Every structure is written in structure tokens, then in C-alpha cells.
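Here the structure comes first, spelled out in C-alpha cells, and everything after it is commentary.
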Amino acid sequence: MKKHQNQVCWLLEKVCRNTASNRGFSTFQQFLDNQQYTRNGILRYEKMFGSGYVSTGGASTTKEFVDMLNLKPGMKVLDVGCGIGGGDFYIAKTFGVEVLGLDLSANMVDIAIERLVEEKLPTVHFEVADATKREFPEGSFDVIYSRDTILHIDDKLALFKRFYVSVGASRNRKYVCISA
């Protein structure tokens with residue numbers, strides 16, 4: 001358009017994702033554990049992002065975000081998309097809180113549990129669970145924390161309603177959700 005020899009133009013079109021073609025996997029969880037997050041793949045991510053982390057920013061970004069939460073000893077934190085647990089270990093050690101880390105990938109949680117045995121932190125727990133389906137009693141958590149996970153969830157309104165109940169809206173609890 002500007003008669004520049006190195007100009008490149010792109011035409012982009014937004015299209016709906018065909019969820020019927022899951023590359024031979026019947027669930028998103030199967031895709032994660034058999035394609036995206038194999039054990040070797042997770043360990044490669046960890047080499048890139050730092051010990052205990054599988055996403056950009058690693059420990060420094062976790063520290064930056066979590067330090068804003070004003071956590072106090074004894075609080076209960078739900079980490080949605082906990083990965084291999086680096087953030088949860090940091091939160092528990094630094095603030096003296098109880099943490100439940102959820103992840104859809106069984107491979108991620110397996111590694112997190114292996115690390116938990118080494119860390120010996122009785123206030124940290126991990127669970128393979130789908131945050132869009134997992135229910136908690138009202139007021140189970142003081143804070144809900146998440147990084148790089150919620151962007152993958154289609155029905156965010158239903159998820160946030162579920163979170164609202166689990167932090168006990170009637171008890172002036174804190175709800176914080178960070179997705180970097």
C-alpha cells in the first residue's frame with residue numbers, strides 16, 4: 001500500500017474452533033496429558049521458566065502477583081491451574097497459608113505431589129480437577145488465585161459464579177483472580 005518492498009500484509013479471519021476434532025482425544029484432559037503436557041514436556045517447560053514453574057515469568061512473576069494479595073497466616077487459597085506447584089510452595093512458605101492447587105493435567109499434579117513430598121509442607125494439597133465442575137462448600141477459601149488458566153475456559157461467567165460461592169460472598173471474603 002505504501003509501495004515498500006518489505007511490506008507484508010496479513011488478512012485475519014476469526015473462526016470458531018471445531019471442538020469435535022480433538023485430534024483423536026475424547027477430552028481436553030486427555031489432550032493435555034498426552035500431547036501438550038507430557039511428563040518430558042513439563043520438565044522442559046520447567047527448565048525454561050525455572051524450578052517449580054511451567055509458565056512465563058516463573059518465580060518473579062508469581063512473587064510480584066502474590067505479594068499484592070495481602071495474604072495472612074491461616075488464610076485458605078485456591079490456585080486454579082497450579083501446574084507443578086512452584087507458586088503454591090512459595091505462597092505457603094512465605095505467608096503461612098493453606099493452599100489447594102487444582103490442575104486439569106494429571107501429569108502436572110503428579111509432579112507437584114512428588115515435589116510436595118520433598119517440600120514437606122502439610123498445608124499444601126494438590127488435586128486433579130476441572131475448575132468448571134469442581135464444587136466447594138460456601139466459604140471454603142479466602143482467596144482464589146490463577147495464572148495462565150482462565151483464558152482457556154469458555155464459560156467464564158459460570159466459573160466466576162462458582163468461585164463467588166466458594167469464597168463465601170456473605171462473609172466479606174476476598175476474591176482475587178489474576179490471569180497473566
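Naming works like this for the C-alpha cells: A, B, ... for the chains as they're shown, residue 1 at the start of each chain, ligands 1 onward in shown order.
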- request: May I have the residues within 12 Å of Glu127 of chain A as a PyMOL selection string, using only C-alpha atoms and disregarding those fewer than 5 positions away in the same chain?
  value: chain A and resi 78-85+99-113+134
Suppose we keep C-alpha atoms; can you now write the selection as a tab-separated table (two decimals), in the first residue's frame?
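Writing the result to result-v4.tsv gives the following:
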```tsv
chain	number	residue	atom	x	y	z
A	78	LEU	CA	-7.38	-21.98	45.91
A	79	ASP	CA	-4.92	-21.99	43.00
A	80	VAL	CA	-6.69	-22.78	39.74
A	81	GLY	CA	-4.24	-24.20	37.21
A	82	CYS	CA	-1.48	-24.84	39.73
A	83	GLY	CA	0.89	-26.55	37.32
A	84	ILE	CA	3.72	-28.31	39.15
A	85	GLY	CA	3.24	-26.35	42.36
A	99	VAL	CA	-3.22	-23.89	49.59
A	100	LEU	CA	-5.21	-26.25	47.40
A	101	GLY	CA	-3.80	-26.43	43.89
A	102	LEU	CA	-6.12	-27.66	41.13
A	103	ASP	CA	-4.99	-28.64	37.67
A	104	LEU	CA	-6.69	-30.49	34.85
A	105	SER	CA	-3.44	-32.23	33.89
A	106	ALA	CA	-2.75	-35.40	35.88
A	107	ASN	CA	0.88	-35.19	34.78
A	108	MET	CA	1.23	-31.74	36.31
A	109	VAL	CA	-0.34	-32.84	39.58
A	110	ASP	CA	1.81	-35.99	39.72
A	111	ILE	CA	4.95	-33.87	39.55
A	112	ALA	CA	3.54	-31.38	42.08
A	113	ILE	CA	2.85	-34.22	44.52
A	134	ARG	CA	-15.45	-28.90	40.99
```
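Counting only C-alpha atoms and comparing A:Phe49, A:Phe89, A:Tyr37, A:Tyr164, the residue that lies closest to Phe126 of chain A is A:Phe89.
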task: Going by DSSP on the backbone, which bits of segment 19-138 of chain A are helix (DSSP H, G or I)? Write them as a PyMOL selection string, please.
output: chain A and resi 28-36+39-49+58-69+86-95+106-119
